[in-house]
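*Asks:* Before we start, here is the structure in question, set down as structure tokens.
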Amino acid sequence: MLWKVTEKDQLVKMLSVSSNEKQNSLAKEADSVRKRFVGDKIYFRGIIEFSNICEKDCLYCGIRKSNSNVTRFMMTEQDIMKCARWAFANGYGSIVLQSGESTSPAFLDFLIKVVQDIKKETGRTDPRGNGLGITLCVGEQKKKTYEEFFQAGAHRYLLRIETSNPELYKQLHPPECSFGNRVRCLEHLREIGYQVGTGVMIGLPGQTIEDLVDDIFFYKDIDADMIGMGPYIPHAETPLSVYAGKWNARRDELLRLSLRMVAATRLLLKDVNIAATTAMQVLHPRGREIAFEYGANIIMPILTPTRFRKDYSLYDGKPCIDENAKQCKECIAERIRSIGRNVGWNDFGDSPHFHTRVGK
Ligand code: 5AD
């Protein structure tokens with residue numbers, strides 16, 4: 001083992017690599033750890049971005065509340081069911097329901113019903129009786145709400161910490177957002193029994209290599225089962241886009257750094273699921289496939305109906321906005337074949353870490 005990753009300064013070194021040779025050796029080691037701990041299959045989580053209505057005003061996000069150029073939408077239950085049915089029929093083991101953040105009772109009741117209905121319908125026709133796996137990604141909610149979602153049938157939850165540096169977190173979020181509450185939410189999700197996913201944005205203005213190392217230790221400390229992280233990408237209609245010029249000059253290095261983050265996370269956490277995120281593809285047409293060679297084992301093909309995709313732009317240059325679910329499936333399956341890996345069809349593809357930690 002060339003790379004040891006138990007100490008902070010070793011991780012700093014790893015994330016600071018600049019030669020191609022060292023970058024490639026990092027990929028190779030992460031790839032072999034990935035193979036040993038989570039195997040060769042890549043699992044699909046079809047993502048349905050069902051609403052862009054958001055109560056929050058995060059300084060980096062294109063669908064922030066105060067962006068009045070966004071046409072707000074909320075999919076109907078029928079539309080969501082159609083996507084879920086399609087995913088199930090096409091062998092996707094699970095889906096992600098993601099939206100802007102809302103705590104309105106009508107929104108929460110709607111989502112609970114949608115989760116129940118998807119589980120009911122897909123569970124009936126599934127020979128294994130499990131139905132479609134459901135991951136939720138709808139932000140910070142009360143513990144009671146998380147419990148209700150869980151009882152309705154959701155078994156995983158994604159809530160990125162965005163950055164584990166509380167000071168930087170404060171700079172990127174409006175005053176009403178609290179880092180402490182975000183951490184508390186992650187703890188609640190874990191206590192309830194969810195498979196818990198978190199992650200950060202890489203290359204945020206003001207973020208240091210030390211911050212990124214702390215992010216990886218944060219994942220370890222909260223004992224995350226799933227990690228989804230990607231490069232920060234400016235959105236022109238957000239306050240943080242004032243740094244876009246600087247950002248542009250660093251695009252290539254940002255891709256390499258994001259890949260090193262994936263590799264370092266794989267080396268330290270070993271048996272978790274790690275997503276090759278869509279944002280990686282903004283920096284390179286093969287960004288997601290490359291991430292699979294640095295330790296990633298999950299992909300989230302977009303299921304959102306084409307007519308809504310452009311209104312769910314968290315950042316500029318989001319790929320696949322003119323495509324439909326079938327095209328995304330075929331394109332991604334082909335990309336996976338091209339790197340000699342297989343898709344884990346009709347399978348939840350849980351993170352082995354979750355089963356180890358709950359003793360199943
Ligand atoms: N660039 C990259 N990722 C972003 N997200 C939001 N805005 C951006 C951006 N400008 C990510 C956040 C959030 C997830 C749903 O999308 O990390 O948790």
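Residue numbering restarts at 1 for every chain of the structure tokens, chains are lettered A, B, ... in their displayed order, and ligands are numbered from 1 as they appear.
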Using only C-alpha atoms and all ligand atoms, find each protein or nucleic acid residue lying at most 6 Å from ligand 1; present the set as JSON, numbers by chain.
*Replies:* {"A": [60, 61, 160, 162, 200, 201, 231, 232, 233, 234, 235, 314, 315]}
*Asks:* Deliver the residues from the most recent selection as a file, using N, CA and C atoms, as a PDB file, in the first residue's frame.
*Replies:*
ATOM      1  N   TYR A  60     -25.044  29.508  -3.164  1.00  0.00           N
ATOM      2  CA  TYR A  60     -24.451  28.834  -4.321  1.00  0.00           C
ATOM      3  C   TYR A  60     -25.494  28.210  -5.249  1.00  0.00           C
ATOM      4  N   CYS A  61     -26.732  28.125  -4.818  1.00  0.00           N
ATOM      5  CA  CYS A  61     -27.684  27.241  -5.494  1.00  0.00           C
ATOM      6  C   CYS A  61     -28.628  27.982  -6.440  1.00  0.00           C
ATOM      7  N   ARG A 160     -26.447  16.430   2.345  1.00  0.00           N
ATOM      8  CA  ARG A 160     -25.036  16.826   2.328  1.00  0.00           C
ATOM      9  C   ARG A 160     -24.760  17.833   3.437  1.00  0.00           C
ATOM     10  N   GLU A 162     -22.386  19.831   2.960  1.00  0.00           N
ATOM     11  CA  GLU A 162     -21.911  20.902   2.049  1.00  0.00           C
ATOM     12  C   GLU A 162     -20.460  21.303   2.318  1.00  0.00           C
ATOM     13  N   VAL A 200     -20.127  16.779   0.263  1.00  0.00           N
ATOM     14  CA  VAL A 200     -19.766  18.203   0.222  1.00  0.00           C
ATOM     15  C   VAL A 200     -19.619  18.654  -1.228  1.00  0.00           C
ATOM     16  N   MET A 201     -19.496  19.965  -1.386  1.00  0.00           N
ATOM     17  CA  MET A 201     -19.084  20.520  -2.678  1.00  0.00           C
ATOM     18  C   MET A 201     -17.585  20.779  -2.597  1.00  0.00           C
ATOM     19  N   PRO A 231     -17.880  18.680  -7.699  1.00  0.00           N
ATOM     20  CA  PRO A 231     -17.326  20.026  -7.746  1.00  0.00           C
ATOM     21  C   PRO A 231     -18.413  21.071  -7.551  1.00  0.00           C
ATOM     22  N   TYR A 232     -18.057  22.161  -6.909  1.00  0.00           N
ATOM     23  CA  TYR A 232     -18.932  23.336  -6.893  1.00  0.00           C
ATOM     24  C   TYR A 232     -18.868  23.953  -8.286  1.00  0.00           C
ATOM     25  N   ILE A 233     -20.041  24.285  -8.839  1.00  0.00           N
ATOM     26  CA  ILE A 233     -20.091  24.903 -10.165  1.00  0.00           C
ATOM     27  C   ILE A 233     -20.949  26.169 -10.061  1.00  0.00           C
ATOM     28  N   PRO A 234     -20.419  27.295 -10.498  1.00  0.00           N
ATOM     29  CA  PRO A 234     -21.182  28.544 -10.325  1.00  0.00           C
ATOM     30  C   PRO A 234     -22.504  28.540 -11.105  1.00  0.00           C
ATOM     31  N   HIS A 235     -23.470  29.237 -10.553  1.00  0.00           N
ATOM     32  CA  HIS A 235     -24.727  29.500 -11.258  1.00  0.00           C
ATOM     33  C   HIS A 235     -24.822  31.017 -11.358  1.00  0.00           C
ATOM     34  N   LEU A 314     -29.303  23.545 -10.558  1.00  0.00           N
ATOM     35  CA  LEU A 314     -28.659  23.988  -9.321  1.00  0.00           C
ATOM     36  C   LEU A 314     -27.393  24.770  -9.664  1.00  0.00           C
ATOM     37  N   TYR A 315     -26.838  24.438 -10.860  1.00  0.00           N
ATOM     38  CA  TYR A 315     -25.621  25.110 -11.329  1.00  0.00           C
ATOM     39  C   TYR A 315     -25.722  25.237 -12.837  1.00  0.00           C
TER      40      TYR A 315
END
*Asks:* Tell me, which residues of region 71-300 of chain A carry DSSP strand (DSSP E), written as a PDB file with C-alpha atoms, in the first residue's frame?
*Replies:*
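Result file out-v5.pdb:
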ATOM      1  CA  SER A  94     -34.091   2.231  -6.385  1.00  0.00           C
ATOM      2  CA  ILE A  95     -34.969   5.844  -6.944  1.00  0.00           C
ATOM      3  CA  VAL A  96     -34.136   9.166  -5.317  1.00  0.00           C
ATOM      4  CA  LEU A  97     -36.876  11.709  -4.760  1.00  0.00           C
ATOM      5  CA  GLN A  98     -35.193  15.103  -4.601  1.00  0.00           C
ATOM      6  CA  SER A  99     -36.620  18.600  -4.349  1.00  0.00           C
ATOM      7  CA  GLY A 133     -36.001   1.281  -2.943  1.00  0.00           C
ATOM      8  CA  ILE A 134     -36.707   4.915  -2.058  1.00  0.00           C
ATOM      9  CA  THR A 135     -34.105   7.487  -1.068  1.00  0.00           C
ATOM     10  CA  LEU A 136     -35.269  10.932  -0.053  1.00  0.00           C
ATOM     11  CA  CYS A 137     -33.330  14.133  -0.494  1.00  0.00           C
ATOM     12  CA  ARG A 156     -32.310   5.998   2.665  1.00  0.00           C
ATOM     13  CA  TYR A 157     -31.763   9.722   3.064  1.00  0.00           C
ATOM     14  CA  LEU A 158     -29.257  12.082   1.495  1.00  0.00           C
ATOM     15  CA  GLN A 195     -29.051   4.425   5.435  1.00  0.00           C
ATOM     16  CA  VAL A 196     -27.510   7.869   5.652  1.00  0.00           C
ATOM     17  CA  GLY A 197     -25.746   9.700   2.870  1.00  0.00           C
ATOM     18  CA  THR A 198     -23.847  12.946   3.064  1.00  0.00           C
ATOM     19  CA  MET A 201     -19.084  20.520  -2.678  1.00  0.00           C
ATOM     20  CA  ILE A 202     -15.462  20.636  -3.741  1.00  0.00           C
ATOM     21  CA  MET A 226     -23.198   6.745   1.390  1.00  0.00           C
ATOM     22  CA  ILE A 227     -21.225   9.642   0.001  1.00  0.00           C
ATOM     23  CA  GLY A 228     -22.175  11.966  -2.828  1.00  0.00           C
ATOM     24  CA  MET A 229     -19.856  14.836  -3.573  1.00  0.00           C
ATOM     25  CA  GLY A 230     -18.979  16.839  -6.598  1.00  0.00           C
ATOM     26  CA  PRO A 231     -17.326  20.026  -7.746  1.00  0.00           C
ATOM     27  CA  ASN A 273     -21.296   3.562  -1.485  1.00  0.00           C
ATOM     28  CA  ILE A 274     -19.834   6.523  -3.365  1.00  0.00           C
ATOM     29  CA  ALA A 275     -21.652   8.259  -6.204  1.00  0.00           C
ATOM     30  CA  ALA A 276     -20.138   9.463  -9.458  1.00  0.00           C
ATOM     31  CA  ILE A 298     -23.102   4.466  -7.782  1.00  0.00           C
ATOM     32  CA  ILE A 299     -24.747   6.554 -10.482  1.00  0.00           C
TER      33      ILE A 299
END
*Asks:* Which of region 305-339 of chain A end up as alpha helix (DSSP H) when DSSP is run on this backbone - answer as a compact mmCIF listing (two decimals) with N, CA and C atoms, in the first residue's frame?
*Replies:*
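Below is the file that was written, result.txt:
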# COMPACT_ATOMS: atom_id res chain seq x y z
N THR A 306 -38.35 15.50 -19.23
CA THR A 306 -37.51 16.47 -19.93
C THR A 306 -38.02 17.91 -19.74
N ARG A 307 -39.34 18.08 -19.76
CA ARG A 307 -39.89 19.46 -19.72
C ARG A 307 -39.56 20.20 -18.42
N PHE A 308 -39.22 19.45 -17.35
CA PHE A 308 -38.88 20.12 -16.08
C PHE A 308 -37.37 20.31 -15.87
N ARG A 309 -36.56 19.60 -16.67
CA ARG A 309 -35.13 19.53 -16.34
C ARG A 309 -34.42 20.88 -16.29
N ALA A 325 -35.68 9.83 -19.96
CA ALA A 325 -35.20 8.77 -19.06
C ALA A 325 -34.58 7.60 -19.84
N LYS A 326 -35.20 7.26 -20.98
CA LYS A 326 -34.71 6.11 -21.76
C LYS A 326 -33.32 6.42 -22.32
N GLN A 327 -33.17 7.64 -22.83
CA GLN A 327 -31.85 8.02 -23.37
C GLN A 327 -30.79 8.01 -22.27
N CYS A 328 -31.15 8.51 -21.09
CA CYS A 328 -30.18 8.54 -19.98
C CYS A 328 -29.79 7.12 -19.58
N LYS A 329 -30.78 6.22 -19.59
CA LYS A 329 -30.48 4.83 -19.21
C LYS A 329 -29.49 4.21 -20.20
N GLU A 330 -29.81 4.36 -21.49
CA GLU A 330 -28.97 3.72 -22.52
C GLU A 330 -27.58 4.33 -22.55
N CYS A 331 -27.53 5.65 -22.43
CA CYS A 331 -26.24 6.34 -22.47
C CYS A 331 -25.36 5.88 -21.30
N ILE A 332 -25.95 5.83 -20.11
CA ILE A 332 -25.15 5.47 -18.93
C ILE A 332 -24.75 3.99 -18.98
N ALA A 333 -25.68 3.13 -19.40
CA ALA A 333 -25.34 1.70 -19.47
C ALA A 333 -24.18 1.49 -20.45
N GLU A 334 -24.20 2.23 -21.55
CA GLU A 334 -23.13 2.12 -22.54
C GLU A 334 -21.79 2.62 -21.97
N ARG A 335 -21.86 3.72 -21.23
CA ARG A 335 -20.64 4.26 -20.62
C ARG A 335 -20.06 3.25 -19.63
N ILE A 336 -20.93 2.55 -18.92
CA ILE A 336 -20.45 1.56 -17.93
C ILE A 336 -19.82 0.37 -18.65
N ARG A 337 -20.47 -0.06 -19.72
CA ARG A 337 -19.89 -1.15 -20.53
C ARG A 337 -18.51 -0.74 -21.05
N SER A 338 -18.39 0.53 -21.44
CA SER A 338 -17.14 0.99 -22.06
C SER A 338 -15.95 0.91 -21.10
*Asks:* I'd like to know which of A:Pro174, A:Met261, A:Asn346, A:Leu15 is closest to Ser66 (chain A), using only C-alpha atoms.
*Replies:*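 Once distances to Ser66 (chain A) are computed over only C-alpha atoms, the minimum belongs to A:Pro174.
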*Asks:* Figure out the distance between CA of Arg256 (chain A) and CA of Arg36 (chain A), please, to one decimal in Å.
*Replies:* 23.7 Å
*Asks:* What is the distance, in Å and to one decimal place, between CA of Leu259 (chain A) and CA of Ala27 (chain A)?
*Replies:*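 Between CA of Leu259 (chain A) and CA of Ala27 (chain A) the gap is 8.2 Å.
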*Asks:* Counting only C-alpha atoms, which of A:Gly180, A:Pro301, A:Pro352, A:Gly139 gets nearest to Asn324 (chain A)?
*Replies:* A:Pro301
*Asks:* Can you tell me which residues surround Phe179 (chain A) at a distance of at most 10 Å, considering only C-alpha atoms, apart from same-chain residues fewer than 6 positions away, and format the answer as a count of residues only?
*Replies:* 12
*Asks:* With only C-alpha atoms as the basis for distance, which of A:Lys41, A:Arg357, A:Lys220, A:Arg260 is at the shortest distance from Ser18 (chain A)?
*Replies:*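 Smallest distance to Ser18 (chain A) is found for A:Arg260.
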*Asks:* So, counting only C-alpha atoms, which residue among A:Lys28, A:Arg288, A:Arg250, A:Arg85 is closest to Thr125 (chain A)?
*Replies:*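 Ranked by minimum distance to Thr125 (chain A), first place goes to A:Arg85.
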*Asks:* Identify which of the residues A:Leu212, A:Val272, A:Cys320, A:Ala249 lies closest to Gly39 (chain A), counting only C-alpha atoms when measuring atom-to-atom distances.
*Replies:*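 Comparing A:Leu212, A:Val272, A:Cys320, A:Ala249 against Gly39 (chain A), the winner is A:Val272.
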